[in-house]
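Shown next: coords_30.cif, given as mmCIF, C-alpha atoms.
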```
data_my_file
#
loop_
_atom_site.label_atom_id
_atom_site.label_comp_id
_atom_site.auth_asym_id
_atom_site.auth_seq_id
_atom_site.Cartn_x
_atom_site.Cartn_y
_atom_site.Cartn_z
CA MET A 1 15.86 -13.49 -14.97
CA LYS A 2 15.58 -17.26 -14.69
CA PRO A 3 16.45 -19.51 -11.74
CA ALA A 4 19.39 -21.87 -11.81
CA PRO A 5 18.52 -25.50 -12.68
CA PHE A 6 16.98 -27.50 -9.82
CA ALA A 7 15.28 -30.82 -9.12
CA TYR A 8 11.62 -30.78 -8.09
CA GLN A 9 9.51 -32.95 -5.78
CA SER A 10 5.86 -32.54 -4.77
CA PRO A 11 5.24 -34.86 -1.79
CA LYS A 12 1.67 -35.91 -1.09
CA THR A 13 2.16 -36.67 2.61
CA LEU A 14 4.02 -35.02 5.47
CA VAL A 15 6.04 -38.21 5.97
CA GLU A 16 7.30 -37.94 2.37
CA ALA A 17 8.08 -34.25 2.80
CA LEU A 18 10.03 -34.88 6.00
CA GLN A 19 12.02 -37.67 4.36
CA LEU A 20 12.87 -35.44 1.40
CA ILE A 21 14.03 -32.53 3.53
CA ALA A 22 16.11 -34.94 5.63
CA GLU A 23 17.80 -36.34 2.52
CA HIS A 24 18.42 -32.99 0.82
CA SER A 25 18.54 -30.54 3.74
CA ASP A 26 21.89 -29.04 2.75
CA ASP A 27 20.68 -28.27 -0.77
CA ALA A 28 16.88 -27.95 -0.56
CA LYS A 29 14.27 -25.25 -0.22
CA LEU A 30 10.63 -25.69 0.75
CA LEU A 31 8.09 -24.06 -1.56
CA ALA A 32 4.94 -22.76 0.11
CA GLY A 33 3.35 -19.70 -1.50
CA GLY A 34 6.56 -18.77 -3.31
CA GLN A 35 5.99 -15.03 -2.94
CA SER A 36 9.47 -14.54 -1.46
CA LEU A 37 11.37 -17.62 -2.58
CA ILE A 38 10.67 -17.51 -6.32
CA PRO A 39 11.85 -13.90 -6.85
CA VAL A 40 15.01 -14.69 -4.87
CA MET A 41 15.60 -17.75 -7.05
CA ASN A 42 14.94 -15.76 -10.22
CA PHE A 43 17.66 -13.30 -9.17
CA ARG A 44 19.86 -16.33 -8.35
CA LEU A 45 20.36 -15.07 -4.81
CA ALA A 46 19.24 -18.59 -3.84
CA GLN A 47 20.17 -21.61 -5.95
CA PRO A 48 18.75 -24.73 -4.30
CA GLY A 49 19.47 -28.03 -5.98
CA MET A 50 16.10 -29.40 -4.81
CA LEU A 51 12.75 -27.64 -4.55
CA ILE A 52 10.23 -29.43 -2.30
CA ASP A 53 6.73 -28.18 -3.10
CA LEU A 54 4.33 -28.44 -0.12
CA ASN A 55 1.23 -27.33 -2.03
CA GLN A 56 0.00 -30.90 -2.55
CA THR A 57 1.00 -32.16 0.89
CA GLU A 58 -2.09 -33.31 2.78
CA GLY A 59 -3.03 -31.92 6.18
CA LEU A 60 -1.00 -28.71 6.17
CA ASP A 61 -3.80 -26.29 5.28
CA THR A 62 -6.15 -26.84 8.24
CA LEU A 63 -7.54 -24.11 10.49
CA THR A 64 -9.25 -25.39 13.64
CA LEU A 65 -10.24 -24.40 17.16
CA ALA A 66 -8.91 -26.80 19.81
CA ALA A 67 -10.86 -27.87 22.89
CA ASP A 68 -8.86 -25.47 25.09
CA GLY A 69 -9.74 -22.51 22.86
CA SER A 70 -6.39 -22.39 21.05
CA LEU A 71 -6.28 -21.78 17.32
CA GLU A 72 -4.30 -24.37 15.37
CA ILE A 73 -3.23 -23.13 11.95
CA GLY A 74 -1.51 -25.32 9.38
CA CYS A 75 1.60 -23.86 7.76
CA MET A 76 0.00 -23.87 4.29
CA VAL A 77 -3.06 -21.82 5.23
CA ARG A 78 -3.21 -18.93 2.77
CA GLN A 79 -2.99 -15.39 4.05
CA SER A 80 -6.28 -14.60 2.30
CA THR A 81 -7.92 -17.40 4.31
CA LEU A 82 -6.73 -15.76 7.52
CA GLU A 83 -8.12 -12.47 6.28
CA LYS A 84 -11.60 -13.87 5.55
CA SER A 85 -11.99 -16.54 8.24
CA MET A 86 -14.76 -15.93 10.77
CA LEU A 87 -12.89 -18.21 13.18
CA ILE A 88 -9.90 -15.88 13.02
CA LYS A 89 -12.11 -12.81 13.35
CA GLU A 90 -13.73 -14.17 16.50
CA HIS A 91 -10.75 -15.76 18.26
CA ALA A 92 -7.78 -13.75 16.93
CA PRO A 93 -9.13 -10.32 15.98
CA LEU A 94 -5.59 -8.90 15.85
CA ILE A 95 -4.83 -11.14 12.87
CA HIS A 96 -8.13 -10.24 11.19
CA GLU A 97 -7.40 -6.52 11.64
CA THR A 98 -3.86 -6.76 10.32
CA MET A 99 -4.17 -8.98 7.24
CA PRO A 100 -5.33 -6.21 4.84
CA TRP A 101 -2.01 -4.47 5.57
CA VAL A 102 -0.02 -7.47 4.29
CA ALA A 103 1.14 -6.66 0.75
CA HIS A 104 -1.69 -6.86 -1.84
CA SER A 105 -4.65 -9.20 -2.29
CA GLN A 106 -2.97 -11.06 -5.17
CA ILE A 107 0.00 -11.85 -2.93
CA ARG A 108 -2.22 -12.85 -0.01
CA ASN A 109 -4.07 -15.27 -2.30
CA ARG A 110 -0.85 -17.28 -2.76
CA GLY A 111 1.22 -16.40 0.30
CA THR A 112 1.01 -18.73 3.30
CA ILE A 113 1.32 -18.11 7.00
CA GLY A 114 4.14 -20.65 7.34
CA GLY A 115 6.14 -19.24 4.46
CA SER A 116 5.96 -15.72 5.86
CA LEU A 117 6.90 -16.81 9.37
CA VAL A 118 9.91 -18.86 8.25
CA HIS A 119 11.12 -16.15 5.86
CA ALA A 120 11.54 -13.97 8.98
CA ASP A 121 11.56 -10.61 7.23
CA PRO A 122 11.86 -7.95 9.98
CA ALA A 123 9.36 -5.86 7.99
CA GLY A 124 6.81 -8.69 7.91
CA GLU A 125 3.57 -8.32 9.83
CA LEU A 126 2.87 -11.97 10.61
CA PRO A 127 6.00 -12.64 12.73
CA VAL A 128 5.15 -9.59 14.85
CA LEU A 129 1.58 -10.80 15.35
CA MET A 130 2.75 -14.25 16.45
CA VAL A 131 5.10 -12.77 19.06
CA ALA A 132 2.35 -10.44 20.29
CA LEU A 133 -0.12 -13.33 20.58
CA GLN A 134 2.43 -15.61 22.28
CA ALA A 135 2.06 -18.26 19.59
CA GLU A 136 3.97 -21.52 19.53
CA PHE A 137 5.40 -23.12 16.40
CA GLU A 138 5.41 -26.88 15.87
CA LEU A 139 8.63 -27.91 14.14
CA GLN A 140 8.92 -31.43 12.75
CA LYS A 141 11.63 -33.62 11.30
CA VAL A 142 11.83 -37.37 10.75
CA GLY A 143 10.92 -39.06 14.02
CA GLN A 144 10.81 -35.90 16.09
CA SER A 145 8.56 -32.94 16.86
CA ARG A 146 9.17 -29.92 19.07
CA ARG A 147 7.43 -26.67 19.97
CA VAL A 148 9.15 -23.30 20.09
CA SER A 149 7.62 -20.02 21.19
CA ALA A 150 7.39 -17.35 18.51
CA GLU A 151 9.52 -15.09 20.68
CA ALA A 152 12.33 -17.66 20.85
CA PHE A 153 11.97 -18.65 17.18
CA TYR A 154 13.31 -15.35 15.86
CA ILE A 155 17.05 -14.96 16.47
CA ASP A 156 18.38 -12.25 14.14
CA LEU A 157 18.01 -10.84 10.64
CA PHE A 158 16.44 -13.64 8.54
CA GLU A 159 17.69 -16.12 11.17
CA THR A 160 15.39 -18.49 13.05
CA GLU A 161 15.44 -21.59 15.24
CA LEU A 162 14.30 -23.74 12.29
CA GLN A 163 16.92 -26.36 11.40
CA ASP A 164 17.73 -27.40 7.83
CA ASP A 165 15.97 -30.75 8.23
CA GLU A 166 12.82 -29.35 9.91
CA ILE A 167 9.47 -28.12 8.64
CA LEU A 168 7.26 -25.61 10.46
CA THR A 169 4.00 -27.57 10.28
CA LYS A 170 1.61 -25.84 12.66
CA ILE A 171 1.07 -22.58 14.52
CA ILE A 172 -0.72 -22.69 17.87
CA ILE A 173 -2.23 -19.46 19.19
CA PRO A 174 -3.46 -19.63 22.80
CA PRO A 175 -6.79 -18.07 23.74
CA VAL A 176 -6.62 -14.39 24.63
CA PRO A 177 -7.57 -13.69 28.28
CA ALA A 178 -10.94 -12.15 29.07
CA ARG A 179 -11.08 -8.35 29.08
CA SER A 180 -8.36 -8.07 26.45
CA GLY A 181 -8.06 -5.82 23.43
CA SER A 182 -5.61 -5.65 20.55
CA SER A 183 -4.62 -3.21 17.85
CA PHE A 184 -2.19 -2.92 14.93
CA HIS A 185 -0.81 0.18 13.24
CA GLU A 186 1.83 0.73 10.57
CA VAL A 187 3.00 3.46 8.21
CA ALA A 188 4.11 2.78 4.63
CA ARG A 189 4.70 5.15 1.73
CA ARG A 190 2.00 3.35 -0.26
CA HIS A 191 -0.53 0.79 0.88
CA GLY A 192 0.98 -2.64 0.28
CA ASP A 193 4.59 -1.44 0.48
CA TYR A 194 6.84 -2.63 3.27
CA ALA A 195 6.08 -0.54 6.34
CA MET A 196 8.64 1.98 7.52
CA ALA A 197 7.54 0.98 11.03
CA GLY A 198 4.63 -0.79 12.66
CA VAL A 199 3.44 -2.13 15.99
CA ALA A 200 1.03 -4.67 17.45
CA ALA A 201 -0.38 -4.29 20.96
CA VAL A 202 -2.32 -6.69 23.15
CA VAL A 203 -3.58 -5.36 26.52
CA SER A 204 -5.56 -7.04 29.31
CA LEU A 205 -7.30 -5.13 32.12
CA ASP A 206 -9.08 -6.22 35.26
CA ALA A 207 -12.51 -4.90 36.25
CA SER A 208 -10.96 -1.85 37.94
CA GLY A 209 -9.04 -0.81 34.81
CA THR A 210 -5.67 -2.00 36.06
CA CYS A 211 -3.41 -3.56 33.43
CA THR A 212 -2.82 -7.27 34.07
CA ALA A 213 -0.90 -8.11 30.88
CA CYS A 214 0.60 -6.30 27.91
CA ARG A 215 2.50 -7.21 24.75
CA LEU A 216 3.95 -4.48 22.53
CA VAL A 217 5.85 -5.71 19.45
CA TYR A 218 7.40 -3.63 16.65
CA LEU A 219 8.25 -4.37 13.02
CA ASN A 220 11.01 -2.99 10.81
CA VAL A 221 12.78 -1.19 13.65
CA GLY A 222 15.27 -3.95 14.39
CA PRO A 223 16.60 -7.24 13.00
CA LYS A 224 13.56 -9.23 14.19
CA PRO A 225 10.19 -8.62 15.87
CA MET A 226 11.11 -6.24 18.69
CA LEU A 227 9.27 -7.04 21.93
CA ALA A 228 9.15 -4.01 24.23
CA THR A 229 9.13 -5.72 27.62
CA GLY A 230 10.22 -2.60 29.50
CA ALA A 231 7.31 -0.58 28.15
CA ALA A 232 4.90 -3.38 29.03
CA ASP A 233 6.28 -3.56 32.57
CA MET A 234 5.54 0.15 32.99
CA LEU A 235 1.84 -0.59 32.37
CA ILE A 236 1.34 -3.91 34.19
CA GLY A 237 -0.10 -3.41 37.66
CA GLN A 238 -1.06 0.19 36.96
CA PRO A 239 -4.37 1.87 36.11
CA ILE A 240 -4.15 2.72 32.41
CA THR A 241 -4.10 6.43 31.66
CA PRO A 242 -3.24 8.38 28.49
CA GLU A 243 -0.20 9.80 30.26
CA LEU A 244 1.09 6.36 31.19
CA ILE A 245 0.56 5.10 27.65
CA THR A 246 2.59 8.03 26.31
CA GLN A 247 5.41 7.30 28.75
CA ALA A 248 5.46 3.62 27.81
CA ALA A 249 5.48 4.36 24.08
CA GLU A 250 8.32 6.86 24.54
CA HIS A 251 10.32 4.32 26.55
CA ALA A 252 9.90 1.67 23.86
CA ALA A 253 10.91 4.05 21.07
CA GLU A 254 13.94 5.34 22.91
CA HIS A 255 15.28 2.17 24.54
CA GLU A 256 13.81 -1.04 23.08
CA ILE A 257 14.18 -0.86 19.30
CA GLU A 258 17.17 -0.77 16.94
CA PRO A 259 16.08 1.12 13.82
CA ASN A 260 18.36 1.52 10.81
CA GLY A 261 18.11 4.22 8.20
CA ASP A 262 17.63 3.55 4.48
CA ILE A 263 16.28 5.29 1.38
CA HIS A 264 12.74 5.09 2.78
CA ALA A 265 13.26 6.51 6.27
CA SER A 266 16.05 7.57 8.60
CA ALA A 267 16.64 5.83 11.91
CA ASP A 268 15.41 8.95 13.75
CA TYR A 269 12.21 9.03 11.72
CA ARG A 270 11.58 5.34 12.39
CA ARG A 271 12.06 6.00 16.10
CA HIS A 272 9.54 8.85 15.89
CA LEU A 273 7.08 6.59 14.07
CA ALA A 274 7.54 3.91 16.71
CA LYS A 275 6.60 6.37 19.44
CA VAL A 276 3.49 7.63 17.65
CA LEU A 277 2.36 4.18 16.52
CA GLY A 278 2.99 2.71 19.95
CA GLN A 279 0.64 5.26 21.48
CA ARG A 280 -2.01 4.59 18.86
CA ALA A 281 -1.78 0.84 19.24
CA LEU A 282 -1.97 0.88 23.03
CA ASN A 283 -4.88 3.33 23.02
CA GLY A 284 -6.62 1.28 20.35
CA ALA A 285 -6.19 -1.95 22.30
CA VAL A 286 -7.56 -0.41 25.50
CA GLN A 287 -10.56 1.05 23.69
CA LYS A 288 -11.55 -2.41 22.44
CA ILE A 289 -11.80 -3.95 25.90
#
```
As structure tokens - that is how I would like this structure written.
Amino acid sequence: MKPAPFAYQSPKTLVEALQLIAEHSDDAKLLAGGQSLIPVMNFRLAQPGMLIDLNQTEGLDTLTLAADGSLEIGCMVRQSTLEKSMLIKEHAPLIHETMPWVAHSQIRNRGTIGGSLVHADPAGELPVLMVALQAEFELQKVGQSRRVSAEAFYIDLFETELQDDEILTKIIIPPVPARSGSSFHEVARRHGDYAMAGVAAVVSLDASGTCTACRLVYLNVGPKPMLATGAADMLIGQPITPELITQAAEHAAEHEIEPNGDIHASADYRRHLAKVLGQRALNGAVQKI
């Protein structure tokens, strides 16, 4: 199928891009990698009157380490860059570990971090990682900039805090505390397919083996990245044991997710996967400390 007719602009600067989205916000879409938007347009499920292409916009594809140890990632950084970057491997190993699970290499070559985050697919890996890593998103519009935590950014199914006249320009990932480990696990029918369920875990321990911090975040078992705060609270302040990990994973699967059934997996099976994957992710994170 072919998309409906649309106007096209390719701004060279962020100022131009912000002006364009302000002028056409009610009838515009931003084009990043296009791996989600273009198929939707081809099926005419989206019919924007204006397509604003960010691929030539300067300054949006940077990947740097700030003085405080935070990673600052431009919205147009390709997923394949995240996968291969030694900076990411050293300072955000959870992202490095997870990227090969994101679709296929051809898609990662075009797909961008910003496009995936804004698309807000509950089966997407990158939104889950950002919530697990306590990232902040820089949102800009003409004359104004604000930061929103990844956790607060995701509201509901395909619904985010991003306003029609705003652009997600930068992702800021704070440094992970010392003595921390992370792990990601998912299950899909075929590698590269959308996962039936998945989970990211970040765990911090003190020198005695007591848990000082924990983030456990699930994908495709609810309308958005599902943060299991109750399960994390069961671990924080306690010496980590296999039995405690099992209890926390069971609590998350039974009380902190909202799985739906479809042709790929029933809600009960997704809940079972969440329990098993939660255990694996927590154990994997602890083993890396």
Restricting the calculation to only C-alpha atoms, which member of A:Val102, A:Ala92, A:Ile155, A:Val148 is positioned closest to Ala120 in chain A?
->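 Closest residue, counting only C-alpha atoms: A:Ile155.
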Using all atoms listed in the file, which of A:Ser208, A:Leu282, A:Gly192, A:Leu157 sits nearest Pro223 in chain A?
-> A:Leu157
Run the PyMOL selection byres ((chain A and resi 227) around 8) on the file and write out the hits as number ranges by chain.
-> A: 131-132, 215-218, 225-226, 228-229, 256
Have a look at CA of Leu37 in chain A and CA of Glu72 in chain A and let me know their distance in Å, one decimal.
->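 One can read the CA of Leu37 in chain A to CA of Glu72 in chain A distance as 24.8 Å.
Once Thr13 in chain A and its same-chain neighbours fewer than 6 positions away are set aside, Thr57, Glu58 and Gly59 of chain A remain within 8 Å of it when counting only C-alpha atoms.
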Neighbours of point (-11.8, -11.3, 15.6) within 12 Å, using only C-alpha atoms, written as a list in words |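 Those within range, by chain then number, are Leu71, Leu82, Glu83, Lys84, Ser85, Met86, Leu87, Ile88, Lys89, Glu90, His91, Ala92, Pro93, Leu94, Ile95, His96, Glu97, Thr98, Met99, Pro175, Val176, Ser180, Gly181, Ser182, Ser183 and Lys288 of chain A.
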List the residues selected by the PyMOL selection byres ((chain A and resi 163-174) around 8) in the file shown, writing them as a list of chain:residue names.
->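 Answer for the PyMOL selection byres ((chain A and resi 163-174) around 8): A:Leu18, A:Ile21, A:Ala22, A:Ser25, A:Asp26, A:Leu60, A:Gly69, A:Ser70, A:Leu71, A:Glu72, A:Ile73, A:Gly74, A:Cys75, A:Gly114, A:Val118, A:Met130, A:Leu133, A:Gln134, A:Ala135, A:Glu136, A:Phe137, A:Glu138, A:Leu139, A:Gln140, A:Lys141, A:Glu161, A:Leu162, A:Pro175, A:Val176.
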Could you pull out every residue with an atom within 9 Å of (15.5, -2.8, 13.4), file coordinates, counting only C-alpha atoms, and send them as a short mmCIF file (atom, residue, chain, number, x, y, z; two decimals) with C-alpha atoms, in the coordinates of the input?
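Output contents, as saved in result_2.cif:
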```
data_model
loop_
_atom_site.label_atom_id
_atom_site.label_comp_id
_atom_site.auth_asym_id
_atom_site.auth_seq_id
_atom_site.Cartn_x
_atom_site.Cartn_y
_atom_site.Cartn_z
CA PRO A 122 11.86 -7.95 9.98
CA ALA A 123 9.36 -5.86 7.99
CA LEU A 157 18.01 -10.84 10.64
CA TYR A 218 7.40 -3.63 16.65
CA LEU A 219 8.25 -4.37 13.02
CA ASN A 220 11.01 -2.99 10.81
CA VAL A 221 12.78 -1.19 13.65
CA GLY A 222 15.27 -3.95 14.39
CA PRO A 223 16.60 -7.24 13.00
CA LYS A 224 13.56 -9.23 14.19
CA PRO A 225 10.19 -8.62 15.87
CA MET A 226 11.11 -6.24 18.69
CA ILE A 257 14.18 -0.86 19.30
CA GLU A 258 17.17 -0.77 16.94
CA PRO A 259 16.08 1.12 13.82
CA ASN A 260 18.36 1.52 10.81
CA ALA A 267 16.64 5.83 11.91
#
```
Pairwise distance for CA of Asp27 in chain A and CA of Ala4 in chain A, rounded to one decimal in Å =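 A separation of 12.8 Å between them.
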Restricting the calculation to all atoms listed in the file, which member of A:Glu254, A:Asp61, A:Asp68, A:Asp53 is positioned closest to Ala231 in chain A?
->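 Looking at the shortest contact to Ala231 in chain A, the residue is A:Glu254.
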Where does the PyMOL selection byres ((chain A and resi 193) around 10) land in this file, that is, which residues does it pick, as a PyMOL selection string?
-> chain A and resi 101-104+123+187-192+194-196
What gap, in Å, lies between CA of Val199 in chain A and CA of Gly284 in chain A?
->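 Interatomic distance here is 11.5 Å.
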With all atoms listed in the file as the basis for distance, which of A:Ile289, A:Leu126, A:Met41, A:Met50 is at the shortest distance from Ser204 in chain A?
-> A:Ile289
From the set A:Thr81, A:Glu159, A:Ala232, A:Gly198, which residue has the shortest atom-to-atom contact distance to Arg270 in chain A, counting only C-alpha atoms?
->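 The closest residue to Arg270 in chain A is A:Gly198.
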Taking all atoms listed in the file into account, which of A:Leu235, A:Met76, A:Ala207, A:Leu244 comes nearest Thr62 in chain A?
->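 Selected residue with least distance to Thr62 in chain A: A:Met76.
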